[in-house]
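Peer 1: Before I ask anything, here is the structure I am working with.
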Amino acid sequence: MSITEEVLNQKLEGWNRPAPIAPQVEGELLEVAMGPHHPSTHGVFRMDVALDGERVMRLRPVFGYLHRNHEKLAEGQSYLASMPYTDRLDYICPMTNNWAYALAVEKLTGQEVPERAEYLRVILGELTRFQNHASSIGFLIQEMGASGTPLMYAFREREKILDLFEELTGARMMVNYMRFGGCRVDASPGWLDRTRKVVAGLAGFVDEFDQLLSSNEILMARTQGVGVLRPELAVNAGVTGPMLRASGVNYDIRKVDSYGIYNRFNFRVPLGDHGDVYDRYMIRMLEMRESIVILQQALKEIQPGPVMSPTARIRGMRPKPGEAYGRIEAPKGELGFYLISDGSPNPYRYRVRPPSLINLTVLEDMCLGVNVADVVLIFGSVDIVLGEVDR
Amino acid sequence: MKTVEEIKSAIEAAILGAAVEIAPNPNPALPHSLRIAPECALAVAKFLRDDAELKLDYLSNVTGVDWPDSLEAVYHLYSVEKKHGPVILRMHTVNRTDQVELPSLTPIWRSAEFQEREIFDLYGIVFTGHPDLRRLLMWEGFKDHPMRRDYVEPDDFEYEPTAHDEVLKRAQARQTAFVSQPESEAGV
């Protein structure tokens with residue numbers, strides 16, 4: 001059935017679905033396939049849109065262009081061999097992917113993580129969050145039409161952080177850094193000093209970014225009141241991360257689960273009021289500031305010590321039969337790994353809970369009735385990475 | 001939060017004839033789950049979401065699992081309001097071949113929409129009551145379910161730069177079949 005027939009028949013009516021909009025013009029709806037080569041889709045994402053003039057009547061996301069069955073690959077190899085593959089899920093934030101997977105396996109096997117490794121994880125995780133939010137805002141502004149400048153400002157900071165990653169792990173993006181029961185290599189004192197220096201400069205960047213953008217008239221006119229997501233729907237649709245908090249729901253897994261050592265740090269959880277695109281932009285801006293606060297505390301408190309648990313056995317690991325679900329607050333939302341072990345060296349079931357995919361559930365609800373130019377903005381404010389959506 | 005046993009008795013008290021049993025986690029240090037009968041799944045799910053004490057309003061994760069004699073769907077529930085969880089629900093199909101229906105929980109938690117579509121796509125569980133059950137990641141017209149453990153990958157000769165020997169023979173045989181029956185082979 002074509003998407004136009006769907007609109008006319010209203011086959012998808014009922015339960016929580018957005019209410020249909022009556023066409024205003026006479027004649028046929030225009031079907032547009034936005035993507036998979038559309039420059040605003042951050043990769044190979046496709047939206048089939050039915051348009052009445054400029055208004056969106058139906059929107060249907062189409063997935064799978066980057067599907068490589070990550071889960072099947074992981075079930076055919078040992079636990080450790082999947083670690084580098086997790087870098088390729090959300091390739092903007094490889095550190096948090098490593099962390100979520102390591103956390104799930106540590107739950108499954110009951111391994112302890114030494115304190116220094118926990119601090120390193122927090123430092124790297126928050127640096128990742130910072131650069132993800134900065135580039136996500138940069139892309140959003142780029143899609144609004146401000147070519148170049150904000151994105152280049154964001155990438156300038158991202159490069160500094162990626163340089164730190166490269167020095168520590170050997171790779172800018174495909175870091176493969178964390179291990180079950182700790183981290184792969186220790187950070188040198190020089191690296192920590194350089195990180196302190198970079199972190200000291202980040203606040204100035206956020207100020208500059210804030211001054212440049214937050215009260216910009218064009219940005220406010222384009223984003224305020226656009227793509228509103230109600231909190232009840234956000235919770236019911238499993239939306240997580242900055243998008244959920246922009247709708248005013250106080251749910252941050254760093255606070256709720258306080259995995260790792262997050263209960264040792266003082267930080268606030270910024271919340272939005274309206275749940276529109278501007279709030280999502282603003283939440284990311286504020287979360288960057290909170291990340292800096294966490295980084296300063298962690299860099300101050302970190303002590304020398306081992307980075308791998310002495311009892312950790314990584315190679316030839318055979319976890320006892322059982323199942324575990326580990327989740328963290330990744331920059332895009334709740335990233336979880338669900339593992340079932342049958343006692344063999346390979347996981348019996350390996351499942352990734354991808355925040356990018358599940359946050360797109362409400363894309364149609366936010367886009368119905370808006371102009372097609374705003375679809376690009378709303379989609380950009382969701383902040384997805386196709387490596388994770390399609391897996 | 002209530003223990004799994006307390007949740008089980010709460011469900012049984014609230015819903016007449018609800019068939020709920022505790023599925024122990026083989027590793028006792030990790031949380032156990034609740035196995036529910038597919039017939040009463042919607043009622044149980046609605047109770048868990050709306051009960052004032054549990055308020056499991058957030059369905060985080062839906063997983064398909066392929067066991068030797070059945071397919072399984074696992075649901076991880078949390079509460080955003082009460083900030084507790086997880087409560088783990090599981091449902092089994094009768095077998096792996098012809099009786100693979102399970103009730104969809106998308107009417108209760110919208111976050112199951114794409115995840116159940118993914119399981120339908122990759123495992124072949126048919127979720128009855130799902131409003132839009134189509135393949136999610138594989139393309140339309142694809143026949144098999146790639147995440148099943150007995151799935152056989154097709155010969156990948158299309159991607160071999162110069163097919164020769166065995167692969168070339170298979171490719172030629174396949175091409176003949178393709179020309180004679182374009183409809184049935186296309187897309188496989």
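By convention in this document, the chains of the structure tokens carry letters A, B, ... by their order, each chain's residues are numbered from 1, and ligands are numbered from 1 in the order they are shown.
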As an MDAnalysis selection string, which residues of segment 44-158 of chain B does DSSP assign to strand (DSSP E)?
Peer 2: chainID B and resid 58:66 71:78 87:92 101:103 126:128
Peer 1: Near segment 99-106 of chain B, counting only C-alpha atoms, which residues have an atom at most 8 Å away, once you skip same-chain residues fewer than 5 positions from it, shown as a ChimeraX atom specification?
Peer 2: /B:38-39,41-42,45,71,91-94,111-113,116,124-130
Peer 1: Could you turn the residues from that selection into a file that holds N, CA and C atoms, as a PDB file, in the first residue's frame?
Peer 2:
ATOM      1  N   PRO B  38       0.881 -15.995  26.764  1.00  0.00           N
ATOM      2  CA  PRO B  38       0.516 -14.999  25.756  1.00  0.00           C
ATOM      3  C   PRO B  38      -0.947 -14.558  25.830  1.00  0.00           C
ATOM      4  N   GLU B  39      -1.857 -15.453  26.306  1.00  0.00           N
ATOM      5  CA  GLU B  39      -3.283 -15.086  26.309  1.00  0.00           C
ATOM      6  C   GLU B  39      -3.544 -13.886  27.215  1.00  0.00           C
ATOM      7  N   ALA B  41      -1.256 -11.647  28.235  1.00  0.00           N
ATOM      8  CA  ALA B  41      -0.132 -10.707  28.236  1.00  0.00           C
ATOM      9  C   ALA B  41      -0.594  -9.251  28.235  1.00  0.00           C
ATOM     10  N   LEU B  42      -1.620  -8.952  27.427  1.00  0.00           N
ATOM     11  CA  LEU B  42      -2.052  -7.555  27.341  1.00  0.00           C
ATOM     12  C   LEU B  42      -2.592  -7.072  28.676  1.00  0.00           C
ATOM     13  N   ALA B  45       0.282  -6.594  31.074  1.00  0.00           N
ATOM     14  CA  ALA B  45       1.067  -5.413  30.726  1.00  0.00           C
ATOM     15  C   ALA B  45       0.347  -4.142  31.154  1.00  0.00           C
ATOM     16  N   LEU B  71      10.528 -19.733  20.129  1.00  0.00           N
ATOM     17  CA  LEU B  71      11.055 -18.371  20.059  1.00  0.00           C
ATOM     18  C   LEU B  71      10.552 -17.609  21.276  1.00  0.00           C
ATOM     19  N   MET B  91       7.848 -14.057  27.017  1.00  0.00           N
ATOM     20  CA  MET B  91       6.755 -14.814  26.416  1.00  0.00           C
ATOM     21  C   MET B  91       7.345 -15.800  25.420  1.00  0.00           C
ATOM     22  N   HIS B  92       6.773 -16.993  25.390  1.00  0.00           N
ATOM     23  CA  HIS B  92       7.253 -18.037  24.488  1.00  0.00           C
ATOM     24  C   HIS B  92       6.252 -18.293  23.382  1.00  0.00           C
ATOM     25  N   THR B  93       6.725 -18.590  22.190  1.00  0.00           N
ATOM     26  CA  THR B  93       5.827 -19.128  21.171  1.00  0.00           C
ATOM     27  C   THR B  93       5.699 -20.625  21.378  1.00  0.00           C
ATOM     28  N   VAL B  94       4.711 -21.245  20.702  1.00  0.00           N
ATOM     29  CA  VAL B  94       4.498 -22.685  20.867  1.00  0.00           C
ATOM     30  C   VAL B  94       5.650 -23.456  20.242  1.00  0.00           C
ATOM     31  N   SER B 111       7.011   2.218  22.674  1.00  0.00           N
ATOM     32  CA  SER B 111       8.425   1.994  22.346  1.00  0.00           C
ATOM     33  C   SER B 111       8.659   0.604  21.782  1.00  0.00           C
ATOM     34  N   ALA B 112       7.656  -0.283  21.883  1.00  0.00           N
ATOM     35  CA  ALA B 112       7.831  -1.616  21.296  1.00  0.00           C
ATOM     36  C   ALA B 112       7.650  -1.595  19.792  1.00  0.00           C
ATOM     37  N   GLU B 113       7.174  -0.474  19.246  1.00  0.00           N
ATOM     38  CA  GLU B 113       6.767  -0.471  17.835  1.00  0.00           C
ATOM     39  C   GLU B 113       7.900  -0.929  16.907  1.00  0.00           C
ATOM     40  N   GLU B 116       9.539  -4.514  18.034  1.00  0.00           N
ATOM     41  CA  GLU B 116       8.797  -5.720  17.643  1.00  0.00           C
ATOM     42  C   GLU B 116       8.877  -5.938  16.141  1.00  0.00           C
ATOM     43  N   GLY B 124      11.192 -13.713  13.041  1.00  0.00           N
ATOM     44  CA  GLY B 124       9.980 -14.297  12.506  1.00  0.00           C
ATOM     45  C   GLY B 124       8.870 -14.496  13.512  1.00  0.00           C
ATOM     46  N   ILE B 125       8.916 -13.825  14.659  1.00  0.00           N
ATOM     47  CA  ILE B 125       7.777 -13.860  15.574  1.00  0.00           C
ATOM     48  C   ILE B 125       6.711 -12.917  15.014  1.00  0.00           C
ATOM     49  N   VAL B 126       5.478 -13.412  14.894  1.00  0.00           N
ATOM     50  CA  VAL B 126       4.400 -12.578  14.365  1.00  0.00           C
ATOM     51  C   VAL B 126       3.659 -11.958  15.544  1.00  0.00           C
ATOM     52  N   PHE B 127       3.725 -10.646  15.676  1.00  0.00           N
ATOM     53  CA  PHE B 127       3.082  -9.969  16.795  1.00  0.00           C
ATOM     54  C   PHE B 127       1.672  -9.578  16.384  1.00  0.00           C
ATOM     55  N   THR B 128       0.683 -10.297  16.928  1.00  0.00           N
ATOM     56  CA  THR B 128      -0.695  -9.979  16.567  1.00  0.00           C
ATOM     57  C   THR B 128      -1.112  -8.711  17.303  1.00  0.00           C
ATOM     58  N   GLY B 129      -1.831  -7.860  16.590  1.00  0.00           N
ATOM     59  CA  GLY B 129      -2.248  -6.597  17.179  1.00  0.00           C
ATOM     60  C   GLY B 129      -1.260  -5.475  16.964  1.00  0.00           C
ATOM     61  N   HIS B 130      -0.143  -5.767  16.326  1.00  0.00           N
ATOM     62  CA  HIS B 130       0.803  -4.690  15.990  1.00  0.00           C
ATOM     63  C   HIS B 130       0.225  -3.893  14.825  1.00  0.00           C
TER      64      HIS B 130
END
Peer 1: Pick from A:Met243, A:Gln297, A:Gly248, A:Ala324: nearest to Phe265 of chain A, with only C-alpha atoms counted?
Peer 2: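 Among A:Met243, A:Gln297, A:Gly248, A:Ala324, it is A:Gln297 that comes nearest to Phe265 of chain A.
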Peer 1: Write out as a list in words every residue belonging to chain A that has an atom at most 6 Å from any atom of chain B, counting only C-alpha atoms.
Peer 2: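 Within 6 Å of chain B on chain A, we get Trp15, Phe63, Gly64, Val235, Asn236, Ala237, Gly238, Pro321 and Gly322 of chain A.
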Peer 1: What's the 10 Å shell around Arg222 of chain A, counting only C-alpha atoms, without same-chain residues fewer than 3 positions away, as a list in words?
Peer 2: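 These residues fall inside the cut-off: Met144, Glu217, Ile218, Leu219, Gly225, Val226, Val277, Tyr278, Ala373, Asp374 and Leu377 of chain A.
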Peer 1: Write the residues of the selection above to a file with C-alpha atoms, as a PDB file, in the first residue's frame.
Peer 2:
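To be explicit, this is the file written out as selection_8.pdb:
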ATOM      1  CA  MET A 144      19.101  25.470   9.503  1.00  0.00           C
ATOM      2  CA  GLU A 217      16.673  35.668  16.296  1.00  0.00           C
ATOM      3  CA  ILE A 218      16.650  33.347  13.310  1.00  0.00           C
ATOM      4  CA  LEU A 219      17.403  30.305  15.441  1.00  0.00           C
ATOM      5  CA  GLY A 225       7.352  25.798  19.176  1.00  0.00           C
ATOM      6  CA  VAL A 226       8.466  23.462  16.391  1.00  0.00           C
ATOM      7  CA  VAL A 277      13.526  21.862  19.029  1.00  0.00           C
ATOM      8  CA  TYR A 278      14.868  24.895  20.871  1.00  0.00           C
ATOM      9  CA  ALA A 373      11.664  22.456   5.771  1.00  0.00           C
ATOM     10  CA  ASP A 374      11.055  21.945   9.492  1.00  0.00           C
ATOM     11  CA  LEU A 377      15.249  20.550  11.813  1.00  0.00           C
TER      12      LEU A 377
END
Peer 1: Determine, counting only C-alpha atoms, which protein, DNA and RNA residues have an atom within 9 Å of an atom of Ala203 of chain A; residues of the same chain fewer than 5 positions away are not included. Present the result as a ChimeraX atom specification.
Peer 2: /A:208,288-289,292
Peer 1: Limited to C-alpha atoms, could you put the picked residues into a file as a PDB file, in the first residue's frame?
Peer 2:
ATOM      1  CA  GLU A 208      31.264  31.613  22.984  1.00  0.00           C
ATOM      2  CA  MET A 288      27.892  20.388  28.096  1.00  0.00           C
ATOM      3  CA  ARG A 289      28.337  22.703  31.076  1.00  0.00           C
ATOM      4  CA  ILE A 292      32.634  20.184  32.400  1.00  0.00           C
TER       5      ILE A 292
END
Peer 1: Skipping near chain neighbours, those fewer than 3 positions away, what residues fall within 8 Å of Leu202 of chain A using only C-alpha atoms, listed as a ChimeraX atom specification?
Peer 2: /A:157,198-199,205-206,292
Peer 1: Find the spatial neighbours of Ile7 of chain B, counting only C-alpha atoms, within a cut-off of 12 Å - ignore same-chain residues fewer than 3 positions away - and output them as a CSV table (one decimal) with C-alpha atoms, in the first residue's frame.
Peer 2:
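Below you can see around-v4.csv, which holds the result:
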chain,number,residue,atom,x,y,z
B,1,MET,CA,10.7,-2.0,44.7
B,2,LYS,CA,8.7,-5.1,45.1
B,3,THR,CA,10.5,-8.5,44.6
B,4,VAL,CA,9.6,-10.7,41.7
B,10,ALA,CA,0.1,-8.8,42.8
B,11,ILE,CA,-0.6,-9.8,39.2
B,12,GLU,CA,-2.4,-12.9,40.2
B,13,ALA,CA,-4.6,-11.0,42.7
B,14,ALA,CA,-5.5,-8.3,40.2
B,20,VAL,CA,2.4,-16.1,35.6
B,21,GLU,CA,5.5,-18.0,36.7
B,22,ILE,CA,8.9,-17.0,37.8
B,32,HIS,CA,14.9,-13.2,37.8
B,33,SER,CA,12.2,-12.7,35.2
B,34,LEU,CA,8.4,-13.4,34.9
B,35,ARG,CA,7.1,-15.7,32.3
B,44,VAL,CA,-0.8,-8.1,32.6
B,47,PHE,CA,-1.8,-3.8,35.0
B,48,LEU,CA,2.0,-3.3,35.3
B,51,ASP,CA,-0.7,-0.1,39.0
B,53,GLU,CA,2.8,1.0,43.2
B,54,LEU,CA,4.6,-0.3,40.2
B,55,LYS,CA,4.0,2.3,37.5
B,56,LEU,CA,6.2,0.6,35.0
B,85,GLY,CA,13.3,-1.5,37.7
B,86,PRO,CA,14.0,-3.6,35.8
B,87,VAL,CA,11.0,-6.0,35.8
B,88,ILE,CA,11.6,-8.6,33.0
B,89,LEU,CA,8.8,-10.2,31.2
Peer 1: Do a neighbour search on Phe209 of chain A at 9 Å with only C-alpha atoms, toss out local chain neighbours closer than 5 positions, and write the hits as a list in words.
Peer 2: Pro150, Tyr153, Ala154, Gly204, Ser214 and Met285 of chain A
Peer 1: Atom CA of Lys107 of chain A to atom CA of Arg351 of chain A: how many Å, to one decimal?
Peer 2: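 We find that atom CA of Lys107 of chain A and atom CA of Arg351 of chain A lie 14.7 Å from each other.
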Peer 1: Tell me which of A:Gly343, A:Pro355, A:Gly380, A:Gly333 sits closest to Gly316 of chain A, counting only C-alpha atoms.
Peer 2: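 Under the stated criterion, the closest residue is A:Gly343.
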Peer 1: What is the distance between atom CA of Leu120 of chain A and atom CA of Ala187 of chain A, in Å to one decimal?
Peer 2: 8.0 Å
Peer 1: Using atom CA of Met220 of chain A and atom CA of Arg46 of chain A as the two end points, give the distance in Å to one decimal.
Peer 2: 27.1 Å
Peer 1: So, counting only C-alpha atoms, which residue among A:Glu290, A:Gly272, A:Tyr348, A:Asn69 is closest to Glu118 of chain B?
Peer 2: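 Residue with the minimum atom-to-atom distance to Glu118 of chain B: A:Asn69.
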